[in-house]
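> start-v1.cif is reproduced below (mmCIF, C-alpha atoms).
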```cif
data_structure
#
loop_
_atom_site.label_atom_id
_atom_site.label_comp_id
_atom_site.auth_asym_id
_atom_site.auth_seq_id
_atom_site.Cartn_x
_atom_site.Cartn_y
_atom_site.Cartn_z
CA MET A 1 150.18 116.50 54.06
CA GLY A 2 150.65 120.24 54.09
CA PRO A 3 147.65 122.27 52.87
CA ALA A 4 145.73 121.92 56.15
CA PHE A 5 148.78 123.10 58.09
CA ILE A 6 148.84 126.28 56.02
CA ALA A 7 145.09 126.67 56.63
CA CYS A 8 145.38 125.94 60.36
CA VAL A 9 147.65 128.96 60.85
CA ALA A 10 144.58 131.14 60.42
CA TYR A 11 143.08 129.36 63.43
CA ILE A 12 145.92 130.41 65.73
CA ASP A 13 146.51 133.93 64.48
CA PRO A 14 146.92 137.08 66.66
CA GLY A 15 143.16 137.57 66.69
CA ASN A 16 142.90 134.32 68.63
CA PHE A 17 145.39 135.63 71.18
CA ALA A 18 143.31 138.76 71.72
CA THR A 19 139.90 137.06 71.94
CA ASN A 20 141.07 134.05 73.97
CA ILE A 21 143.00 136.16 76.50
CA ALA A 22 140.07 138.57 76.88
CA GLY A 23 137.65 135.65 77.25
CA GLY A 24 139.81 133.76 79.74
CA SER A 25 140.58 136.76 81.94
CA LYS A 26 136.97 138.01 82.10
CA PHE A 27 135.03 134.76 82.25
CA GLY A 28 137.52 132.14 83.43
CA TYR A 29 137.01 128.72 81.85
CA THR A 30 133.39 129.46 80.84
CA LEU A 31 134.08 129.84 77.10
CA VAL A 32 136.30 126.79 76.62
CA TRP A 33 133.30 125.06 75.02
CA VAL A 34 133.20 127.77 72.31
CA ILE A 35 136.72 126.81 71.24
CA VAL A 36 135.87 123.10 71.21
CA ALA A 37 132.71 123.68 69.16
CA SER A 38 134.46 126.10 66.79
CA ASN A 39 137.27 123.64 66.17
CA LEU A 40 134.88 120.80 65.35
CA MET A 41 133.14 123.13 62.92
CA ALA A 42 136.51 124.07 61.44
CA MET A 43 137.39 120.43 60.76
CA LEU A 44 134.17 119.92 58.82
CA ILE A 45 134.44 123.18 56.90
CA GLN A 46 138.09 122.78 55.91
CA THR A 47 137.46 119.19 54.82
CA LEU A 48 134.67 120.40 52.51
CA SER A 49 136.87 123.16 51.09
CA ALA A 50 139.76 120.79 50.41
CA LYS A 51 137.35 118.28 48.87
CA LEU A 52 135.96 120.86 46.45
CA GLY A 53 139.47 121.54 45.12
CA ILE A 54 140.24 117.84 44.71
CA ALA A 55 136.92 116.97 43.04
CA THR A 56 136.67 119.89 40.61
CA GLY A 57 140.24 121.07 40.05
CA ARG A 58 138.98 124.58 40.80
CA ASN A 59 138.86 126.68 43.93
CA LEU A 60 135.70 127.95 45.63
CA ALA A 61 135.94 131.46 44.17
CA GLU A 62 136.29 130.04 40.64
CA VAL A 63 133.29 127.77 41.12
CA CYS A 64 131.23 130.72 42.42
CA ARG A 65 132.18 132.74 39.34
CA GLU A 66 131.18 129.88 37.01
CA ARG A 67 127.96 128.81 38.76
CA MET A 68 126.49 132.09 40.03
CA SER A 69 125.24 135.26 38.35
CA ARG A 70 127.77 137.99 37.64
CA ARG A 71 126.11 140.33 40.15
CA SER A 72 126.18 137.72 42.93
CA SER A 73 129.76 136.81 42.12
CA LEU A 74 130.91 140.44 42.26
CA ALA A 75 129.08 141.00 45.56
CA LEU A 76 130.77 137.94 47.05
CA TRP A 77 134.15 139.15 45.79
CA LEU A 78 133.72 142.61 47.36
CA GLN A 79 132.76 141.21 50.78
CA ALA A 80 135.61 138.69 50.56
CA GLU A 81 138.05 141.54 49.93
CA VAL A 82 136.71 143.39 53.01
CA ILE A 83 137.21 140.22 55.04
CA ALA A 84 140.74 139.87 53.63
CA MET A 85 141.52 143.44 54.72
CA ALA A 86 140.28 142.74 58.27
CA THR A 87 142.39 139.58 58.28
CA ASP A 88 145.54 141.32 57.11
CA LEU A 89 145.05 144.10 59.65
CA ALA A 90 144.77 141.64 62.55
CA GLU A 91 147.70 139.48 61.52
CA PHE A 92 150.13 142.27 60.68
CA LEU A 93 149.27 144.09 63.91
CA GLY A 94 149.82 140.91 65.91
CA ALA A 95 153.27 140.29 64.45
CA ALA A 96 154.25 143.93 65.06
CA VAL A 97 153.12 143.64 68.70
CA GLY A 98 155.14 140.40 68.94
CA PHE A 99 158.34 142.14 67.79
CA HIS A 100 157.53 145.07 70.10
CA LEU A 101 157.18 142.81 73.14
CA LEU A 102 160.08 140.51 72.33
CA LEU A 103 162.67 143.14 71.41
CA GLY A 104 161.40 146.07 73.47
CA ILE A 105 161.25 148.40 70.46
CA GLY A 106 158.50 150.83 69.45
CA LEU A 107 155.45 149.64 67.56
CA PHE A 108 156.30 151.52 64.37
CA PRO A 109 159.85 150.08 64.00
CA ALA A 110 158.33 146.69 64.90
CA ALA A 111 155.84 147.11 62.05
CA ILE A 112 158.69 147.82 59.61
CA LEU A 113 160.48 144.65 60.79
CA THR A 114 157.22 142.73 60.31
CA GLY A 115 156.99 143.99 56.73
CA PHE A 116 160.47 142.71 55.87
CA ALA A 117 159.78 139.34 57.51
CA ALA A 118 156.43 138.97 55.70
CA PHE A 119 158.07 139.59 52.32
CA ALA A 120 160.78 137.03 53.12
CA ILE A 121 158.22 134.33 53.95
CA LEU A 122 156.22 134.99 50.78
CA GLY A 123 159.46 134.83 48.78
CA LEU A 124 159.73 131.10 49.60
CA GLN A 125 157.11 130.43 46.92
CA ARG A 126 159.68 130.83 44.17
CA TRP A 127 161.05 127.40 45.19
CA GLY A 128 157.62 125.74 45.11
CA PHE A 129 154.96 124.93 47.69
CA ARG A 130 157.00 122.55 49.87
CA PRO A 131 159.39 125.15 51.42
CA LEU A 132 156.47 127.43 52.34
CA GLU A 133 154.53 124.51 53.84
CA ALA A 134 157.59 123.40 55.81
CA VAL A 135 158.28 126.87 57.24
CA ILE A 136 154.61 127.34 58.17
CA ALA A 137 154.54 123.91 59.87
CA VAL A 138 157.67 124.78 61.87
CA MET A 139 156.06 128.05 62.99
CA VAL A 140 152.93 126.16 64.10
CA GLY A 141 155.22 123.80 66.04
CA VAL A 142 156.97 126.72 67.77
CA ILE A 143 153.63 128.25 68.81
CA GLY A 144 152.51 124.86 70.15
CA VAL A 145 155.70 124.32 72.16
CA CYS A 146 155.43 127.82 73.65
CA TYR A 147 151.90 127.17 74.87
CA VAL A 148 152.65 123.72 76.22
CA ALA A 149 155.33 125.42 78.31
CA GLU A 150 152.87 128.18 79.34
CA LEU A 151 150.41 125.54 80.58
CA PHE A 152 153.19 123.86 82.54
CA PHE A 153 153.85 127.19 84.29
CA ALA A 154 150.14 127.92 84.85
CA ASN A 155 149.18 124.42 86.13
CA PRO A 156 145.39 124.77 85.50
CA PRO A 157 142.72 122.51 87.11
CA LEU A 158 142.19 120.00 84.29
CA GLY A 159 138.90 118.71 85.70
CA THR A 160 137.37 122.18 85.59
CA VAL A 161 138.68 122.71 82.06
CA ALA A 162 137.15 119.38 80.93
CA LYS A 163 133.79 120.32 82.47
CA HIS A 164 133.61 123.67 80.65
CA ALA A 165 134.75 122.06 77.40
CA VAL A 166 131.37 120.29 77.18
CA LEU A 167 129.09 122.66 79.15
CA PRO A 168 127.72 125.49 76.96
CA GLU A 169 126.96 128.72 78.84
CA PHE A 170 127.28 132.51 78.61
CA GLN A 171 127.75 135.23 81.23
CA GLY A 172 126.05 138.29 79.79
CA LYS A 173 126.32 140.31 76.56
CA GLU A 174 130.09 140.76 76.65
CA SER A 175 130.59 136.99 76.76
CA VAL A 176 128.43 136.68 73.62
CA LEU A 177 130.57 139.32 71.87
CA LEU A 178 133.73 137.47 72.82
CA SER A 179 132.19 134.15 71.75
CA VAL A 180 131.49 135.57 68.30
CA GLY A 181 135.05 136.93 68.24
CA ILE A 182 136.44 133.51 69.17
CA LEU A 183 134.27 131.94 66.46
CA GLY A 184 135.44 134.50 63.90
CA ALA A 185 139.05 133.93 64.94
CA THR A 186 138.66 130.14 64.75
CA VAL A 187 136.45 129.52 61.71
CA MET A 188 138.19 131.99 59.42
CA PRO A 189 136.37 132.84 56.16
CA HIS A 190 139.50 133.59 54.14
CA VAL A 191 140.88 130.06 54.57
CA ILE A 192 137.54 128.61 53.47
CA TRP A 193 138.34 130.26 50.14
CA LEU A 194 142.05 129.38 50.33
CA HIS A 195 142.01 125.67 51.22
CA SER A 196 140.27 124.67 47.99
CA ALA A 197 142.99 126.50 46.06
CA LEU A 198 145.74 124.68 47.97
CA THR A 199 144.37 121.28 46.90
CA GLN A 200 143.02 122.01 43.41
CA SER A 201 146.22 121.25 41.49
CA ARG A 202 148.72 120.17 44.11
CA ILE A 203 148.36 116.45 43.31
CA GLN A 204 146.55 115.47 40.12
CA ALA A 205 144.29 112.47 40.79
CA GLU A 206 143.54 110.25 37.82
CA GLY A 207 140.24 108.44 38.19
CA ASP A 208 137.69 108.08 40.96
CA GLU A 209 139.71 105.64 43.05
CA GLN A 210 142.68 108.02 43.26
CA ARG A 211 140.35 110.86 44.22
CA ARG A 212 138.90 108.78 47.06
CA ARG A 213 142.39 107.83 48.22
CA LEU A 214 143.61 111.43 48.08
CA MET A 215 140.53 112.50 50.05
CA ARG A 216 141.28 109.93 52.78
CA TYR A 217 144.76 111.38 53.24
CA THR A 218 143.36 114.90 53.11
CA ARG A 219 141.04 114.10 56.03
CA ILE A 220 144.07 112.96 58.05
CA ASP A 221 145.83 116.21 57.13
CA VAL A 222 142.83 118.28 58.27
CA ILE A 223 142.23 116.36 61.51
CA ALA A 224 145.90 116.50 62.51
CA ALA A 225 146.38 120.20 61.70
CA MET A 226 143.08 121.38 63.18
CA SER A 227 143.57 119.30 66.34
CA ILE A 228 146.91 121.01 66.93
CA ALA A 229 145.31 124.41 66.32
CA GLY A 230 142.44 123.55 68.66
CA VAL A 231 144.76 122.50 71.48
CA ILE A 232 146.77 125.71 71.09
CA ASN A 233 143.57 127.80 71.18
CA MET A 234 142.37 126.03 74.31
CA ALA A 235 145.79 126.54 75.89
CA MET A 236 145.56 130.29 75.25
CA LEU A 237 142.21 130.65 76.98
CA VAL A 238 143.03 128.22 79.80
CA MET A 239 146.30 130.01 80.52
CA ALA A 240 144.49 133.37 80.70
CA ALA A 241 141.76 131.91 82.92
CA SER A 242 144.24 130.28 85.28
CA VAL A 243 146.75 133.11 85.52
CA PHE A 244 144.58 136.23 85.19
CA HIS A 245 141.00 135.33 86.16
CA GLY A 246 142.25 133.02 88.90
CA THR A 247 144.22 135.86 90.53
CA GLY A 248 141.49 138.49 90.24
CA LEU A 249 142.79 140.20 87.08
CA LEU A 250 139.48 140.25 85.19
CA ASN A 251 140.17 142.90 82.54
CA VAL A 252 143.35 141.79 80.79
CA ASP A 253 142.08 142.70 77.32
CA SER A 254 145.40 143.87 75.90
CA LEU A 255 148.29 141.79 74.59
CA GLU A 256 150.79 144.19 76.16
CA THR A 257 149.10 143.89 79.57
CA ALA A 258 149.06 140.10 79.29
CA HIS A 259 152.77 140.05 78.48
CA LYS A 260 153.63 142.46 81.30
CA THR A 261 151.48 140.64 83.86
CA LEU A 262 152.76 137.14 83.10
CA ALA A 263 156.31 137.88 84.27
CA PRO A 264 155.62 138.67 87.95
CA ILE A 265 153.09 135.82 88.23
CA LEU A 266 154.83 132.99 86.34
CA GLY A 267 158.35 134.34 85.76
CA GLY A 268 160.23 136.03 82.93
CA ALA A 269 160.38 132.92 80.74
CA SER A 270 156.59 132.82 80.45
CA SER A 271 156.36 136.36 79.07
CA THR A 272 159.16 135.65 76.57
CA LEU A 273 157.35 132.51 75.38
CA PHE A 274 154.15 134.52 75.00
CA ALA A 275 155.86 137.17 72.85
CA LEU A 276 157.61 134.53 70.73
CA ALA A 277 154.37 132.63 70.10
CA LEU A 278 152.59 135.87 69.15
CA LEU A 279 155.38 136.85 66.75
CA PHE A 280 155.41 133.50 64.94
CA SER A 281 151.62 133.51 64.84
CA GLY A 282 151.49 136.95 63.24
CA LEU A 283 154.22 136.28 60.67
CA SER A 284 152.84 132.94 59.49
CA SER A 285 149.19 134.03 59.39
CA SER A 286 150.11 137.26 57.62
CA ALA A 287 151.63 135.27 54.76
CA VAL A 288 148.59 132.98 54.60
CA GLY A 289 146.19 135.94 54.58
CA THR A 290 148.00 137.47 51.60
CA LEU A 291 147.78 134.16 49.71
CA ALA A 292 144.05 134.00 50.42
CA GLY A 293 143.51 137.52 49.08
CA GLN A 294 145.31 136.59 45.88
CA VAL A 295 143.15 133.48 45.44
CA VAL A 296 139.93 135.45 45.97
CA MET A 297 140.82 138.11 43.39
CA GLN A 298 142.03 135.62 40.78
CA GLY A 299 139.04 133.34 41.29
CA PHE A 300 136.26 135.92 41.16
CA ILE A 301 137.46 138.44 38.58
CA ARG A 302 140.33 136.62 36.82
CA ARG A 303 142.76 139.34 37.78
CA ARG A 304 146.08 138.82 39.50
CA ILE A 305 148.39 141.44 40.89
CA PRO A 306 151.95 140.66 42.01
CA ILE A 307 151.70 139.13 45.46
CA PHE A 308 154.35 141.50 46.82
CA VAL A 309 152.26 144.47 45.64
CA ARG A 310 149.22 143.04 47.43
CA ARG A 311 151.28 142.55 50.59
CA ALA A 312 152.56 146.12 50.42
CA VAL A 313 149.05 147.56 49.96
CA THR A 314 147.53 145.51 52.78
CA MET A 315 150.20 146.73 55.18
CA ILE A 316 148.91 150.30 54.95
CA PRO A 317 145.87 149.99 57.32
CA ALA A 318 148.09 148.45 60.01
CA PHE A 319 150.62 151.28 59.73
CA VAL A 320 147.74 153.80 59.94
CA VAL A 321 146.33 152.13 63.09
CA ILE A 322 149.78 152.12 64.70
CA GLY A 323 150.54 155.67 63.57
CA ILE A 324 147.38 157.24 65.03
CA GLY A 325 147.73 155.34 68.30
CA VAL A 326 144.63 153.11 68.19
CA ASP A 327 144.74 150.29 70.76
CA PRO A 328 145.96 147.30 68.71
CA SER A 329 144.44 144.68 71.02
CA ARG A 330 140.93 146.17 70.83
CA THR A 331 141.34 146.47 67.06
CA LEU A 332 142.20 142.77 66.95
CA VAL A 333 139.04 141.76 68.84
CA ILE A 334 136.76 143.90 66.64
CA SER A 335 138.43 142.56 63.49
CA GLN A 336 137.58 139.02 64.60
CA VAL A 337 133.90 139.95 64.98
CA VAL A 338 133.99 141.36 61.42
CA LEU A 339 135.48 138.06 60.24
CA SER A 340 132.67 136.11 61.89
CA PHE A 341 130.09 137.98 59.81
CA GLY A 342 131.95 136.92 56.65
CA ILE A 343 131.75 133.20 57.41
CA PRO A 344 128.24 132.52 55.98
CA PHE A 345 129.14 134.15 52.65
CA ALA A 346 131.89 131.59 52.12
CA LEU A 347 130.28 128.68 53.95
CA ILE A 348 126.83 128.61 52.31
CA PRO A 349 128.16 128.41 48.71
CA LEU A 350 130.66 125.76 49.86
CA VAL A 351 127.88 123.58 51.34
CA VAL A 352 125.71 124.01 48.26
CA PHE A 353 128.45 123.15 45.77
CA THR A 354 129.88 120.16 47.65
CA SER A 355 126.34 118.70 47.80
CA ARG A 356 125.98 118.66 44.00
CA LYS A 357 126.63 115.30 42.36
CA ASP A 358 127.10 116.85 38.90
CA LEU A 359 129.96 118.97 40.25
CA MET A 360 131.61 116.71 42.83
CA GLY A 361 131.22 113.26 41.29
CA VAL A 362 132.25 110.47 43.67
CA LEU A 363 133.28 113.00 46.35
CA VAL A 364 129.80 114.52 46.71
CA ASN A 365 128.66 114.99 50.31
CA ASN A 366 126.53 112.28 51.83
CA ARG A 367 123.27 113.30 53.52
CA PHE A 368 124.76 113.30 57.01
CA THR A 369 127.65 115.58 55.97
CA THR A 370 125.29 117.99 54.24
CA ALA A 371 122.96 118.05 57.26
CA ALA A 372 125.88 118.72 59.63
CA ALA A 373 127.19 121.50 57.39
CA VAL A 374 123.73 123.11 57.19
CA VAL A 375 123.46 123.03 61.00
CA VAL A 376 126.92 124.63 61.34
CA ALA A 377 126.04 127.39 58.86
CA GLY A 378 122.74 127.98 60.67
CA LEU A 379 124.37 128.16 64.12
CA ILE A 380 127.01 130.64 62.98
CA THR A 381 124.41 132.85 61.28
CA ALA A 382 122.08 132.69 64.29
CA LEU A 383 124.86 133.67 66.70
CA ASN A 384 125.68 136.69 64.57
CA VAL A 385 122.01 137.76 64.42
CA PHE A 386 121.76 137.38 68.21
CA LEU A 387 124.84 139.55 68.64
CA LEU A 388 123.29 142.28 66.45
CA TYR A 389 120.09 142.12 68.48
CA GLN A 390 122.03 142.40 71.75
CA THR A 391 124.12 145.29 70.42
CA PHE A 392 121.28 147.45 69.09
CA THR A 393 118.63 146.80 71.74
CA SER A 394 120.76 147.30 74.85
#
```
Translate this file's structure into structure tokens.


Amino acid sequence: MGPAFIACVAYIDPGNFATNIAGGSKFGYTLVWVIVASNLMAMLIQTLSAKLGIATGRNLAEVCRERMSRRSSLALWLQAEVIAMATDLAEFLGAAVGFHLLLGIGLFPAAILTGFAAFAILGLQRWGFRPLEAVIAVMVGVIGVCYVAELFFANPPLGTVAKHAVLPEFQGKESVLLSVGILGATVMPHVIWLHSALTQSRIQAEGDEQRRRLMRYTRIDVIAAMSIAGVINMAMLVMAASVFHGTGLLNVDSLETAHKTLAPILGGASSTLFALALLFSGLSSSAVGTLAGQVVMQGFIRRRIPIFVRRAVTMIPAFVVIGIGVDPSRTLVISQVVLSFGIPFALIPLVVFTSRKDLMGVLVNNRFTTAAAVVVAGLITALNVFLLYQTFTS
């Protein structure tokens, strides 16, 4: 176990904080079902990505380069780099806001601290993949503990939460925008590319039986990690719905406002837990986003730049946003919508390749898996098209 826990960090990154808090405060428990549906999709998608790496010994970007035309491959690489930039922006901003809220320092000094911490986490790779996996898993655990405690403070109506977990509905155009943001923050395109790289050479399976066995354990890894991420996501939205929407605060669309408002309602400990969870979320997901960018570049164009150089370059947009005073929380929400539009470009090739017997061998998708994956890809694409229609015709 381990690769899915690195991937699951992307499902509880600062973008999730922004979209879930905005969704919970404005629409109460209405959008809980979006998180449930997104997480089920995520389990399927990450299983397919991991399976591609195990079956072929190559990651998704490498398979695209080998099996698609050069023009198509380059186009996919360019959009994947744009998605990686949006990812890095969201995650670095979130960690900086976490330091800002926890330590009470300015955003710019907080961003500098975030940069040092991000380099330190990436530096763990020199001792192999296990230390990085362990640190990421601990961070996921800390975020989970913080939100379990938040739910204890908030004491939400569990029956109402359960009802909205299975009852799909929207409340106007803004709820659709936030739903797409939640989807983009949950089913993250960059970890669709990354997960196949995490499994492609981690354990070398010899023969079909070992591949099947490794795949069985990989499914356990994915289900466990994504379930934890799903529960944390639900806890974010439920906490916002219970604390903010339930007390008439319908426009808490900023992380700073959420942090400031929690203290008088639930006590100082709740706001500290919120800031700590946000900080660990930003730091861990920032490292994972940088790894994904490296995989995409190496896979598509066979070029690799030092990972610390990539991290330094991808910090620049976040420093610019902070320096010119753009609202970081709104930037986070918009970045998640951008990510949602990148999902089909990673998901459609993944479904096509994992359905090919000549490529996957004994791990090829069965008909039910392929049908489910096609439905997921179709739903995500349709939701994005509907959002465009709503945006440009209103």

> Expand the PyMOL selection byres ((chain A and resi 187) around 12) into the explicit residue set it covers here, and present it as a ChimeraX atom specification.

/A:7-13,15-16,34-46,179-186,188-193,226,229-230,233,336-337,339-344,346-347,376-377,380

> Which residues match the PyMOL selection byres ((chain A and resi 235) around 10) in the file above, as an NGL selection string?

:A and (20 or 32 or 144 or 146-151 or 156 or 229-234 or 236-241)

> Which one is closest to Leu250 in chain A: A:Gly24, A:Pro349, A:Gly325, A:Gly2? Count only C-alpha atoms.

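Of the candidates, the smallest distance to Leu250 in chain A is held by A:Gly24.
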
> Go through the shown structure with the PyMOL selection byres ((chain A and resi 292) around 12) and write out the matching residues as a compact mmCIF listing (two decimals) with C-alpha atoms, keeping the file's coordinate frame.


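Final output, saved to part.txt:
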```
# COMPACT_ATOMS: atom_id res chain seq x y z
CA ILE A 6 148.84 126.28 56.02
CA ALA A 7 145.09 126.67 56.63
CA ALA A 10 144.58 131.14 60.42
CA ASN A 59 138.86 126.68 43.93
CA LEU A 60 135.70 127.95 45.63
CA ALA A 61 135.94 131.46 44.17
CA ALA A 80 135.61 138.69 50.56
CA GLU A 81 138.05 141.54 49.93
CA ILE A 83 137.21 140.22 55.04
CA ALA A 84 140.74 139.87 53.63
CA MET A 85 141.52 143.44 54.72
CA THR A 87 142.39 139.58 58.28
CA ASP A 88 145.54 141.32 57.11
CA MET A 188 138.19 131.99 59.42
CA PRO A 189 136.37 132.84 56.16
CA HIS A 190 139.50 133.59 54.14
CA VAL A 191 140.88 130.06 54.57
CA ILE A 192 137.54 128.61 53.47
CA TRP A 193 138.34 130.26 50.14
CA LEU A 194 142.05 129.38 50.33
CA HIS A 195 142.01 125.67 51.22
CA SER A 196 140.27 124.67 47.99
CA ALA A 197 142.99 126.50 46.06
CA LEU A 198 145.74 124.68 47.97
CA SER A 285 149.19 134.03 59.39
CA SER A 286 150.11 137.26 57.62
CA ALA A 287 151.63 135.27 54.76
CA VAL A 288 148.59 132.98 54.60
CA GLY A 289 146.19 135.94 54.58
CA THR A 290 148.00 137.47 51.60
CA LEU A 291 147.78 134.16 49.71
CA GLY A 293 143.51 137.52 49.08
CA GLN A 294 145.31 136.59 45.88
CA VAL A 295 143.15 133.48 45.44
CA VAL A 296 139.93 135.45 45.97
CA MET A 297 140.82 138.11 43.39
CA GLN A 298 142.03 135.62 40.78
CA GLY A 299 139.04 133.34 41.29
CA ILE A 307 151.70 139.13 45.46
CA ARG A 310 149.22 143.04 47.43
CA ARG A 311 151.28 142.55 50.59
```

> If we count all atoms listed in the file and set the cut-off at 12 Å, which residues sit around Val97 in chain A, ignoring sequence neighbours fewer than 2 positions away in its own chain? Please answer as an NGL selection string.

:A and (14-15 or 17-18 or 90-95 or 99-114 or 254-259 or 274-283 or 318 or 322 or 327-329 or 332)

> Any idea what's packed within 9 Å of Met215 in chain A, counting all atoms listed in the file, ignoring anything in its chain fewer than 2 positions away? Could you give it as number ranges by chain?

A: 47, 50-51, 54, 210-213, 217-220, 363

> I'd like the interatomic distance between CA of Leu249 in chain A and CA of Thr393 in chain A, to a tenth of an Å.

29.4 Å

> Please report the interatomic distance between CA of Ile334 in chain A and CA of Leu78 in chain A in Å with one decimal.

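These atoms are spaced 19.6 Å apart.
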
> Find the distance between CA of Gly115 in chain A and CA of Val313 in chain A and write it in Å to one decimal.

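Between CA of Gly115 in chain A and CA of Val313 in chain A the gap is 11.0 Å.
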
> Restricting the calculation to all atoms listed in the file: of A:Gly172, A:Gly267, A:Gly28, A:Gly57, which residue gets closest to Ala205 in chain A?

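Answer, going by the shortest atom-to-atom distance: A:Gly57.
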
> Using all atoms listed in the file for the distances, tell me which of A:Val138, A:Ala86, A:Val375, A:Leu124 is nearest to Val351 in chain A.

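Among the listed residues, A:Val375 lies closest to Val351 in chain A.
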
> Using the file's own x, y and z axes, what box holds all listed atoms of range 114-129 of chain A with 5 Å on each side, keeping edges along x, y and z, and what are its centre and edge lengths in Å to one decimal, as JSON?


```
{"center_x": 158.0, "center_y": 134.5, "center_z": 52.2, "size_x": 16.1, "size_y": 29.1, "size_z": 26.1}
```

> Give the answer as one residue: which of A:Ile223, A:Gly207, A:Leu52, A:Pro317 has the shortest atom-to-atom distance to Thr331 in chain A, using only C-alpha atoms?

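Result for the nearest residue to Thr331 in chain A: A:Pro317.
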
> Using only C-alpha atoms for the distances, tell me which of A:Phe308, A:Val362, A:Leu89, A:Gly98 is nearest to Thr272 in chain A.

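When distances to Thr272 in chain A are compared using only C-alpha atoms, the smallest one comes from A:Gly98.
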
> Which protein, DNA or RNA residues have an atom at most 9 Å from (129.6, 118.6, 53.1), counting all atoms listed in the file? List them as a list in words.

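Every polymer residue passing the test: Leu44, Ile45, Thr47, Leu48, Ser49, Lys51, Leu350, Val351, Val352, Phe353, Thr354, Ser355, Val364, Asn365, Asn366, Arg367, Phe368, Thr369, Thr370, Ala371, Ala372, Ala373 and Val374 of chain A.
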